[in-house]
>>> print(open('input39.cif').read())   # mmCIF, C-alpha atoms
data_model
loop_
_atom_site.group_PDB
_atom_site.id
_atom_site.type_symbol
_atom_site.label_atom_id
_atom_site.label_comp_id
_atom_site.auth_asym_id
_atom_site.auth_seq_id
_atom_site.Cartn_x
_atom_site.Cartn_y
_atom_site.Cartn_z
ATOM 1 C CA MET A 1 47.396 -61.070 -63.378
ATOM 2 C CA ALA A 2 49.762 -63.810 -64.440
ATOM 3 C CA GLU A 3 49.337 -62.864 -68.083
ATOM 4 C CA ASP A 4 50.173 -59.244 -67.274
ATOM 5 C CA ARG A 5 53.373 -60.443 -65.720
ATOM 6 C CA LEU A 6 54.077 -62.651 -68.699
ATOM 7 C CA SER A 7 53.587 -59.704 -71.067
ATOM 8 C CA ARG A 8 56.038 -57.653 -68.998
ATOM 9 C CA VAL A 9 58.582 -60.482 -69.130
ATOM 10 C CA PHE A 10 58.297 -60.749 -72.904
ATOM 11 C CA GLY A 11 58.304 -56.979 -73.345
ATOM 12 C CA ALA A 12 61.415 -56.711 -71.205
ATOM 13 C CA LEU A 13 63.227 -59.445 -73.116
ATOM 14 C CA ALA A 14 62.229 -58.153 -76.557
ATOM 15 C CA ASP A 15 64.965 -55.510 -76.386
ATOM 16 C CA PRO A 16 68.488 -56.588 -77.437
ATOM 17 C CA THR A 17 70.290 -54.419 -74.853
ATOM 18 C CA ARG A 18 68.154 -55.851 -72.069
ATOM 19 C CA ARG A 19 68.743 -59.378 -73.328
ATOM 20 C CA ASP A 20 72.457 -58.634 -73.175
ATOM 21 C CA ILE A 21 72.179 -57.217 -69.660
ATOM 22 C CA VAL A 22 70.349 -60.350 -68.586
ATOM 23 C CA ALA A 23 73.025 -62.560 -70.152
ATOM 24 C CA ARG A 24 75.718 -60.695 -68.199
ATOM 25 C CA LEU A 25 73.798 -60.826 -64.928
ATOM 26 C CA ALA A 26 73.481 -64.573 -65.430
ATOM 27 C CA VAL A 27 77.246 -64.709 -64.885
ATOM 28 C CA ALA A 28 77.477 -62.385 -61.885
ATOM 29 C CA ASP A 29 75.659 -59.573 -60.085
ATOM 30 C CA ALA A 30 76.719 -56.121 -61.277
ATOM 31 C CA THR A 31 76.022 -52.474 -60.546
ATOM 32 C CA VAL A 32 74.347 -50.228 -63.102
ATOM 33 C CA GLY A 33 77.707 -48.512 -63.611
ATOM 34 C CA GLN A 34 79.402 -51.822 -64.356
ATOM 35 C CA LEU A 35 76.594 -52.798 -66.708
ATOM 36 C CA ALA A 36 76.891 -49.497 -68.576
ATOM 37 C CA GLU A 37 80.630 -49.823 -69.243
ATOM 38 C CA PRO A 38 80.523 -51.804 -72.539
ATOM 39 C CA TYR A 39 77.722 -49.728 -74.061
ATOM 40 C CA ALA A 40 77.908 -46.439 -75.894
ATOM 41 C CA VAL A 41 74.994 -45.156 -73.808
ATOM 42 C CA SER A 42 74.661 -43.256 -70.571
ATOM 43 C CA VAL A 43 74.412 -44.836 -67.140
ATOM 44 C CA GLN A 44 70.977 -43.216 -67.022
ATOM 45 C CA ALA A 45 69.857 -45.118 -70.149
ATOM 46 C CA VAL A 46 71.103 -48.412 -68.692
ATOM 47 C CA SER A 47 69.358 -47.552 -65.452
ATOM 48 C CA LYS A 48 66.077 -47.290 -67.391
ATOM 49 C CA HIS A 49 66.658 -50.715 -68.943
ATOM 50 C CA VAL A 50 67.330 -52.154 -65.485
ATOM 51 C CA LYS A 51 64.104 -50.563 -64.230
ATOM 52 C CA VAL A 52 62.141 -52.357 -66.995
ATOM 53 C CA LEU A 53 63.785 -55.652 -65.997
ATOM 54 C CA GLU A 54 62.947 -54.950 -62.339
ATOM 55 C CA ASP A 55 59.313 -54.188 -63.148
ATOM 56 C CA ALA A 56 59.087 -57.487 -65.016
ATOM 57 C CA GLY A 57 60.404 -59.305 -61.965
ATOM 58 C CA LEU A 58 63.511 -60.471 -63.814
ATOM 59 C CA VAL A 59 65.997 -58.454 -61.763
ATOM 60 C CA THR A 60 66.156 -57.323 -58.138
ATOM 61 C CA ARG A 61 68.450 -54.772 -56.546
ATOM 62 C CA SER A 62 69.794 -55.156 -53.062
ATOM 63 C CA ARG A 63 69.511 -52.537 -50.360
ATOM 64 C CA ASP A 64 73.262 -52.052 -50.267
ATOM 65 C CA ALA A 65 72.905 -48.255 -50.346
ATOM 66 C CA GLN A 66 76.142 -47.403 -52.116
ATOM 67 C CA ARG A 67 76.363 -50.022 -54.828
ATOM 68 C CA ARG A 68 72.878 -51.522 -55.169
ATOM 69 C CA PRO A 69 74.061 -54.391 -57.401
ATOM 70 C CA CYS A 70 71.539 -55.918 -59.798
ATOM 71 C CA HIS A 71 70.711 -59.558 -59.286
ATOM 72 C CA LEU A 72 69.068 -61.865 -61.788
ATOM 73 C CA GLU A 73 66.023 -63.752 -60.528
ATOM 74 C CA ALA A 74 67.019 -67.188 -61.732
ATOM 75 C CA GLU A 75 63.632 -68.841 -61.295
ATOM 76 C CA VAL A 76 62.243 -66.751 -64.140
ATOM 77 C CA PHE A 77 64.741 -68.411 -66.435
ATOM 78 C CA ASP A 78 63.905 -71.797 -65.024
ATOM 79 C CA LEU A 79 60.422 -70.974 -66.269
ATOM 80 C CA MET A 80 61.689 -70.207 -69.766
ATOM 81 C CA THR A 81 63.690 -73.439 -69.709
ATOM 82 C CA LYS A 82 60.509 -75.283 -68.732
ATOM 83 C CA TRP A 83 58.597 -73.704 -71.595
ATOM 84 C CA ILE A 84 61.258 -74.693 -74.099
ATOM 85 C CA GLU A 85 61.348 -78.237 -72.723
ATOM 86 C CA ARG A 86 57.568 -78.519 -72.881
ATOM 87 C CA TYR A 87 57.642 -77.254 -76.469
ATOM 88 C CA ARG A 88 60.338 -79.813 -77.262
ATOM 89 C CA GLN A 89 58.378 -82.648 -75.678
ATOM 90 C CA ALA A 90 55.275 -81.729 -77.656
ATOM 91 C CA ALA A 91 57.322 -81.764 -80.872
ATOM 92 C CA GLU A 92 58.827 -85.124 -79.916
ATOM 93 C CA GLU A 93 55.371 -86.620 -79.249
ATOM 94 C CA ARG A 94 54.190 -85.340 -82.618
ATOM 95 C CA PHE A 95 57.227 -86.774 -84.403
ATOM 96 C CA ARG A 96 56.770 -90.163 -82.709
ATOM 97 C CA ARG A 97 53.315 -90.322 -84.234
ATOM 98 C CA LEU A 98 54.962 -89.464 -87.546
ATOM 99 C CA ASP A 99 57.538 -92.265 -87.034
ATOM 100 C CA ALA A 100 54.691 -94.768 -86.805
ATOM 101 C CA ILE A 101 52.950 -93.337 -89.878
ATOM 102 C CA LEU A 102 56.186 -93.392 -91.899
ATOM 103 C CA ALA A 103 56.859 -97.024 -90.954
ATOM 104 C CA ALA A 104 53.487 -98.020 -92.392
ATOM 105 C CA LEU A 105 53.510 -95.645 -95.388
ATOM 106 C CA PRO A 106 54.203 -97.106 -98.853
ATOM 107 C CA ASP A 107 57.423 -95.854 -100.418
ATOM 108 C CA SER A 108 55.815 -93.863 -103.219
ATOM 109 C CA GLU A 109 52.537 -92.346 -104.329
ATOM 110 C CA SER A 110 52.082 -95.043 -106.993
ATOM 111 C CA ASP A 111 52.586 -97.818 -104.409
ATOM 112 C CA LYS A 112 49.905 -96.196 -102.316
ATOM 113 C CA GLN A 113 47.477 -96.214 -105.233
ATOM 114 C CA ARG A 114 48.291 -99.844 -106.032
ATOM 115 C CA GLY A 115 47.765 -100.697 -102.374
ATOM 116 C CA GLU A 116 44.361 -99.034 -102.386
ATOM 117 C CA ALA A 117 43.356 -100.752 -105.636
ATOM 118 C CA SER A 118 44.232 -104.257 -104.467
ATOM 119 C CA MET B 119 61.836 -99.968 -81.702
ATOM 120 C CA THR B 120 65.146 -100.287 -83.525
ATOM 121 C CA THR B 121 66.254 -97.326 -85.514
ATOM 122 C CA LYS B 122 69.295 -96.249 -87.483
ATOM 123 C CA THR B 123 68.872 -92.639 -86.482
ATOM 124 C CA THR B 124 69.016 -90.678 -83.219
ATOM 125 C CA PRO B 125 65.388 -89.657 -83.197
ATOM 126 C CA GLU B 126 65.277 -87.429 -80.122
ATOM 127 C CA THR B 127 64.004 -83.971 -81.010
ATOM 128 C CA ARG B 128 66.487 -81.131 -80.527
ATOM 129 C CA ILE B 129 65.271 -77.583 -80.141
ATOM 130 C CA GLU B 130 67.005 -74.247 -80.022
ATOM 131 C CA ALA B 131 65.660 -70.761 -79.362
ATOM 132 C CA ASP B 132 68.330 -68.640 -81.035
ATOM 133 C CA PRO B 133 69.643 -65.935 -78.650
ATOM 134 C CA ALA B 134 70.449 -63.517 -81.501
ATOM 135 C CA LEU B 135 67.484 -64.047 -83.868
ATOM 136 C CA PRO B 136 63.730 -64.485 -83.254
ATOM 137 C CA VAL B 137 63.992 -68.059 -84.448
ATOM 138 C CA ILE B 138 63.004 -71.510 -83.191
ATOM 139 C CA ARG B 139 65.025 -74.338 -84.704
ATOM 140 C CA ILE B 140 63.831 -77.920 -84.360
ATOM 141 C CA VAL B 141 65.928 -80.838 -85.629
ATOM 142 C CA ARG B 142 64.688 -84.423 -85.792
ATOM 143 C CA GLU B 143 65.819 -87.504 -87.692
ATOM 144 C CA PHE B 144 63.494 -90.057 -89.257
ATOM 145 C CA ASP B 145 64.002 -93.647 -90.311
ATOM 146 C CA ALA B 146 62.534 -92.978 -93.780
ATOM 147 C CA PRO B 147 63.829 -91.324 -96.970
ATOM 148 C CA PRO B 148 63.240 -87.582 -97.629
ATOM 149 C CA GLU B 149 60.543 -88.245 -100.277
ATOM 150 C CA LYS B 150 58.431 -89.992 -97.692
ATOM 151 C CA VAL B 151 58.948 -87.482 -94.895
ATOM 152 C CA PHE B 152 58.196 -84.656 -97.334
ATOM 153 C CA ARG B 153 54.977 -86.425 -98.306
ATOM 154 C CA ALA B 154 53.950 -86.615 -94.639
ATOM 155 C CA PHE B 155 53.966 -82.800 -94.592
ATOM 156 C CA THR B 156 52.197 -82.233 -97.903
ATOM 157 C CA ASP B 157 49.817 -85.150 -98.558
ATOM 158 C CA PRO B 158 46.589 -84.103 -96.779
ATOM 159 C CA ASP B 159 45.582 -87.650 -95.831
ATOM 160 C CA VAL B 160 48.951 -88.382 -94.256
ATOM 161 C CA PHE B 161 49.362 -84.956 -92.619
ATOM 162 C CA ALA B 162 46.025 -85.115 -90.829
ATOM 163 C CA ARG B 163 46.938 -88.452 -89.270
ATOM 164 C CA TRP B 164 49.974 -87.451 -87.229
ATOM 165 C CA LEU B 165 49.676 -83.738 -86.505
ATOM 166 C CA GLY B 166 47.397 -83.585 -83.504
ATOM 167 C CA PRO B 167 47.656 -85.268 -80.115
ATOM 168 C CA ASP B 168 45.682 -88.494 -79.754
ATOM 169 C CA THR B 169 42.816 -86.605 -78.140
ATOM 170 C CA THR B 170 42.598 -84.210 -81.089
ATOM 171 C CA SER B 171 41.520 -84.607 -84.684
ATOM 172 C CA VAL B 172 42.490 -82.410 -87.603
ATOM 173 C CA ARG B 173 39.938 -81.027 -90.049
ATOM 174 C CA LEU B 174 41.498 -79.737 -93.256
ATOM 175 C CA ASP B 175 39.394 -76.717 -94.271
ATOM 176 C CA LYS B 176 41.626 -75.974 -97.251
ATOM 177 C CA TRP B 177 44.694 -77.734 -98.574
ATOM 178 C CA ASP B 178 46.340 -76.716 -101.844
ATOM 179 C CA ALA B 179 49.877 -78.023 -101.429
ATOM 180 C CA VAL B 180 51.589 -76.398 -104.414
ATOM 181 C CA SER B 181 54.024 -73.473 -104.594
ATOM 182 C CA GLY B 182 51.815 -70.387 -104.223
ATOM 183 C CA GLY B 183 48.963 -72.424 -102.731
ATOM 184 C CA SER B 184 47.408 -72.084 -99.293
ATOM 185 C CA TYR B 185 46.042 -74.087 -96.409
ATOM 186 C CA ARG B 186 43.784 -73.806 -93.415
ATOM 187 C CA TYR B 187 43.111 -76.450 -90.809
ATOM 188 C CA THR B 188 41.298 -76.710 -87.510
ATOM 189 C CA MET B 189 42.182 -78.837 -84.523
ATOM 190 C CA LEU B 190 39.108 -80.459 -82.986
ATOM 191 C CA SER B 191 38.584 -81.954 -79.559
ATOM 192 C CA GLY B 192 35.459 -84.014 -80.209
ATOM 193 C CA ALA B 193 33.187 -81.578 -82.027
ATOM 194 C CA GLU B 194 34.730 -78.526 -80.382
ATOM 195 C CA GLU B 195 37.057 -76.332 -82.432
ATOM 196 C CA VAL B 196 40.231 -75.752 -80.452
ATOM 197 C CA VAL B 197 42.359 -73.681 -82.794
ATOM 198 C CA THR B 198 42.661 -72.871 -86.496
ATOM 199 C CA PHE B 199 45.927 -72.304 -88.344
ATOM 200 C CA TRP B 200 46.229 -70.908 -91.863
ATOM 201 C CA GLY B 201 48.873 -69.688 -94.248
ATOM 202 C CA SER B 202 50.527 -69.947 -97.638
ATOM 203 C CA PHE B 203 52.542 -72.715 -99.181
ATOM 204 C CA HIS B 204 55.295 -70.536 -100.572
ATOM 205 C CA GLU B 205 57.550 -73.177 -102.068
ATOM 206 C CA LEU B 206 57.279 -76.944 -102.362
ATOM 207 C CA ARG B 207 60.406 -78.546 -103.704
ATOM 208 C CA SER B 208 60.177 -82.268 -103.150
ATOM 209 C CA PRO B 209 62.007 -83.892 -101.537
ATOM 210 C CA ASP B 210 64.234 -81.371 -99.812
ATOM 211 C CA ARG B 211 62.495 -78.052 -99.126
ATOM 212 C CA LEU B 212 59.120 -76.745 -97.963
ATOM 213 C CA VAL B 213 58.532 -73.057 -97.191
ATOM 214 C CA GLN B 214 55.266 -71.838 -95.725
ATOM 215 C CA THR B 215 53.779 -69.022 -93.658
ATOM 216 C CA GLN B 216 51.580 -69.654 -90.666
ATOM 217 C CA SER B 217 49.138 -67.646 -88.562
ATOM 218 C CA MET B 218 46.825 -68.671 -85.768
ATOM 219 C CA VAL B 219 43.275 -67.399 -86.098
ATOM 220 C CA GLY B 220 42.591 -64.881 -83.338
ATOM 221 C CA THR B 221 46.110 -63.509 -82.999
ATOM 222 C CA ASP B 222 47.146 -60.340 -84.796
ATOM 223 C CA ASP B 223 50.604 -59.697 -86.196
ATOM 224 C CA GLY B 224 51.750 -63.184 -85.351
ATOM 225 C CA ALA B 225 52.540 -64.616 -88.787
ATOM 226 C CA VAL B 226 55.706 -66.689 -88.922
ATOM 227 C CA LEU B 227 57.820 -67.969 -91.789
ATOM 228 C CA ASN B 228 58.440 -71.680 -91.564
ATOM 229 C CA THR B 229 61.219 -73.337 -93.589
ATOM 230 C CA LEU B 230 61.498 -77.121 -93.535
ATOM 231 C CA THR B 231 64.528 -78.826 -95.002
ATOM 232 C CA PHE B 232 64.705 -82.569 -95.547
ATOM 233 C CA GLU B 233 68.302 -83.765 -95.674
ATOM 234 C CA ALA B 234 69.102 -87.264 -96.906
ATOM 235 C CA LEU B 235 71.217 -89.281 -94.472
ATOM 236 C CA PRO B 236 72.911 -92.646 -95.130
ATOM 237 C CA ASP B 237 70.751 -95.780 -94.911
ATOM 238 C CA GLY B 238 67.652 -94.048 -96.266
ATOM 239 C CA CYS B 239 67.153 -91.767 -93.275
ATOM 240 C CA THR B 240 66.226 -88.087 -93.179
ATOM 241 C CA ARG B 241 67.228 -85.154 -91.018
ATOM 242 C CA LEU B 242 64.394 -82.654 -90.764
ATOM 243 C CA THR B 243 65.250 -79.075 -89.793
ATOM 244 C CA ASP B 244 62.194 -76.972 -88.989
ATOM 245 C CA LEU B 245 63.079 -73.279 -88.789
ATOM 246 C CA THR B 246 60.415 -70.874 -87.569
ATOM 247 C CA LEU B 247 61.153 -67.158 -87.976
ATOM 248 C CA ALA B 248 58.991 -64.671 -86.082
ATOM 249 C CA ASP B 249 59.106 -60.913 -86.609
ATOM 250 C CA SER B 250 60.046 -60.143 -82.995
ATOM 251 C CA PHE B 251 61.541 -61.842 -79.960
ATOM 252 C CA GLU B 252 58.306 -61.145 -78.143
ATOM 253 C CA ILE B 253 56.277 -63.185 -80.636
ATOM 254 C CA ARG B 254 58.897 -65.941 -80.761
ATOM 255 C CA ASP B 255 58.987 -66.280 -76.974
ATOM 256 C CA MET B 256 55.208 -66.219 -76.749
ATOM 257 C CA ILE B 257 55.024 -69.051 -79.269
ATOM 258 C CA ILE B 258 57.351 -71.094 -77.092
ATOM 259 C CA ALA B 259 55.656 -70.162 -73.834
ATOM 260 C CA SER B 260 52.137 -70.824 -75.033
ATOM 261 C CA GLY B 261 53.085 -73.965 -76.888
ATOM 262 C CA MET B 262 51.520 -72.224 -79.870
ATOM 263 C CA ASP B 263 52.580 -74.916 -82.235
ATOM 264 C CA GLN B 264 50.759 -77.162 -84.667
ATOM 265 C CA GLY B 265 50.443 -80.131 -82.356
ATOM 266 C CA VAL B 266 50.687 -78.495 -78.978
ATOM 267 C CA ILE B 267 47.108 -78.326 -77.882
ATOM 268 C CA ALA B 268 47.025 -80.197 -74.599
ATOM 269 C CA GLY B 269 47.218 -77.670 -71.804
ATOM 270 C CA TYR B 270 46.891 -74.938 -74.371
ATOM 271 C CA LEU B 271 47.665 -71.455 -73.060
ATOM 272 C CA ASN B 272 47.635 -72.779 -69.529
ATOM 273 C CA LEU B 273 50.027 -70.053 -68.484
ATOM 274 C CA ASP B 274 48.620 -69.256 -65.087
ATOM 275 C CA GLU B 275 49.355 -72.743 -63.878
ATOM 276 C CA LEU B 276 52.870 -72.640 -65.295
ATOM 277 C CA LEU B 277 53.566 -69.276 -63.730
ATOM 278 C CA ALA B 278 52.185 -70.469 -60.417
ATOM 279 C CA LYS B 279 54.623 -73.371 -60.490
ATOM 280 C CA GLY B 280 57.437 -71.110 -61.761
#
>>> encode(input="input39.cif", output="structure tokens")
Amino acid sequence: MAEDRLSRVFGALADPTRRDIVARLAVADATVGQLAEPYAVSVQAVSKHVKVLEDAGLVTRSRDAQRRPCHLEAEVFDLMTKWIERYRQAAEERFRRLDAILAALPDSESDKQRGEAS
Amino acid sequence: MTTKTTPETRIEADPALPVIRIVREFDAPPEKVFRAFTDPDVFARWLGPDTTSVRLDKWDAVSGGSYRYTMLSGAEEVVTFWGSFHELRSPDRLVQTQSMVGTDDGAVLNTLTFEALPDGCTRLTDLTLADSFEIRDMIIASGMDQGVIAGYLNLDELLAKG
């Protein structure tokens, strides 16, 4: 279930236009018409992109019957931020092990061999 | 620990390219840091978390060579990575491909540059290029990285907390 949702999130964000839409909604809510303005595509095409983002749970649309502005679900991006931070922490842990190894490592291959011989 | 560098790892998921960029500085010269990535004895000692050991199944660290290694938790195989050493140019450049056994179409191109800093320090830039944003983001989300084994693919829990 969760992995299905994850696949939809990644699928939705794999498209450059949808990534751009998401970046703009991060600034402010906008209607489909407003979102379509900068693109050389129809409102209908943008509407389809928004639908994909909605299905992935990234975007919601209010019940305001006339405008129905699109709203970015910020917690999904908190999740992405968490993933990046976890990835960073894992890299940092790995590199701290490397720090310790480097501190103890002889300066060159020949030093290492001398060290082993003695 | 005193250090001449700012060792904290920086990471960037490029918004315009399916790239992960990791930058880290080390209090050792480029020759030594390069060796830590290519000498099998040294590499196997720092890669995995403390709870994990690394078994080198194949290690031919020359330009055009290849590698394969398996992360072990006790006797249990956790994950196997393999790929090509495309270019080794000590001390400043290492280019390799990498795939994880069991995932299709997920090969990435990994370019490591080792930049000499004053006082015998090194700035490592680790650039991973995937062939789609989807793959890049999945790598980040799953922690599908050489040393990231703890909590591996524990996505349900993460999503639940989301």
>>> interface_residues(input="input39.cif", of="chain A", to="chain B", cutoff="6 Å", atoms="all atoms listed in the file", output="number ranges by chain")
A: 2, 10, 14, 79, 83, 87, 90, 92, 97-98
>>> residues_around(input="input39.cif", residues="region 227-233 of chain B", least_positions_apart="5", cutoff="8 Å", atoms="all atoms listed in the file", output="ChimeraX atom specification")
/B:148,151-152,209-216,240-248
>>> residues_around(input="input39.cif", residues="region 42-52 of chain A", least_positions_apart="5", cutoff="7 Å", atoms="all atoms listed in the file", output="list in words")
Ala12, Arg18, Val32, Gly33 and Ala36 of chain A
>>> closest_residue(input="input39.cif", among="A:Cys70, A:Leu13, A:Leu53, A:Ala103", to="Gln34 (chain A)", atoms="all atoms listed in the file")
A:Cys70
>>> resolve_selection(input="input39.cif", expression="the PyMOL selection byres ((chain B and resi 182-195) around 9)", output="PyMOL selection string")
chain B and resi 166+169-181+196-206+214+264-265+267
>>> write_last_selection(input="input39.cif", atoms="C-alpha atoms", output="PDB file, in the coordinates of the input")
ATOM      1  CA  GLY B 166      47.397 -83.585 -83.504  1.00  0.00           C
ATOM      2  CA  THR B 169      42.816 -86.605 -78.140  1.00  0.00           C
ATOM      3  CA  THR B 170      42.598 -84.210 -81.089  1.00  0.00           C
ATOM      4  CA  SER B 171      41.520 -84.607 -84.684  1.00  0.00           C
ATOM      5  CA  VAL B 172      42.490 -82.410 -87.603  1.00  0.00           C
ATOM      6  CA  ARG B 173      39.938 -81.027 -90.049  1.00  0.00           C
ATOM      7  CA  LEU B 174      41.498 -79.737 -93.256  1.00  0.00           C
ATOM      8  CA  ASP B 175      39.394 -76.717 -94.271  1.00  0.00           C
ATOM      9  CA  LYS B 176      41.626 -75.974 -97.251  1.00  0.00           C
ATOM     10  CA  TRP B 177      44.694 -77.734 -98.574  1.00  0.00           C
ATOM     11  CA  ASP B 178      46.340 -76.716-101.844  1.00  0.00           C
ATOM     12  CA  ALA B 179      49.877 -78.023-101.429  1.00  0.00           C
ATOM     13  CA  VAL B 180      51.589 -76.398-104.414  1.00  0.00           C
ATOM     14  CA  SER B 181      54.024 -73.473-104.594  1.00  0.00           C
ATOM     15  CA  VAL B 196      40.231 -75.752 -80.452  1.00  0.00           C
ATOM     16  CA  VAL B 197      42.359 -73.681 -82.794  1.00  0.00           C
ATOM     17  CA  THR B 198      42.661 -72.871 -86.496  1.00  0.00           C
ATOM     18  CA  PHE B 199      45.927 -72.304 -88.344  1.00  0.00           C
ATOM     19  CA  TRP B 200      46.229 -70.908 -91.863  1.00  0.00           C
ATOM     20  CA  GLY B 201      48.873 -69.688 -94.248  1.00  0.00           C
ATOM     21  CA  SER B 202      50.527 -69.947 -97.638  1.00  0.00           C
ATOM     22  CA  PHE B 203      52.542 -72.715 -99.181  1.00  0.00           C
ATOM     23  CA  HIS B 204      55.295 -70.536-100.572  1.00  0.00           C
ATOM     24  CA  GLU B 205      57.550 -73.177-102.068  1.00  0.00           C
ATOM     25  CA  LEU B 206      57.279 -76.944-102.362  1.00  0.00           C
ATOM     26  CA  GLN B 214      55.266 -71.838 -95.725  1.00  0.00           C
ATOM     27  CA  GLN B 264      50.759 -77.162 -84.667  1.00  0.00           C
ATOM     28  CA  GLY B 265      50.443 -80.131 -82.356  1.00  0.00           C
ATOM     29  CA  ILE B 267      47.108 -78.326 -77.882  1.00  0.00           C
TER      30      ILE B 267
END
>>> atom_distance(input="input39.cif", atom1="CA of Val137 (chain B)", atom2="CA of Leu35 (chain A)")
26.6 Å
>>> atom_distance(input="input39.cif", atom1="CA of Arg94 (chain A)", atom2="CA of Pro158 (chain B)")
16.1 Å
>>> atom_distance(input="input39.cif", atom1="CA of Arg139 (chain B)", atom2="CA of Ala91 (chain A)")
11.4 Å
>>> axis_aligned_box(input="input39.cif", around="region 18-25 of chain A", padding_each_side="6 Å", output="AutoDock Vina command-line options")
--center_x 71.9 --center_y -59.2 --center_z -69.1 --size_x 19.6 --size_y 18.7 --size_z 20.4
>>> resolve_selection(input="input39.cif", expression="the PyMOL selection byres ((chain A and resi 24) around 12)", output="MDAnalysis selection string")
chainID A and resid 17:23 25:32 34:38 59 70:72
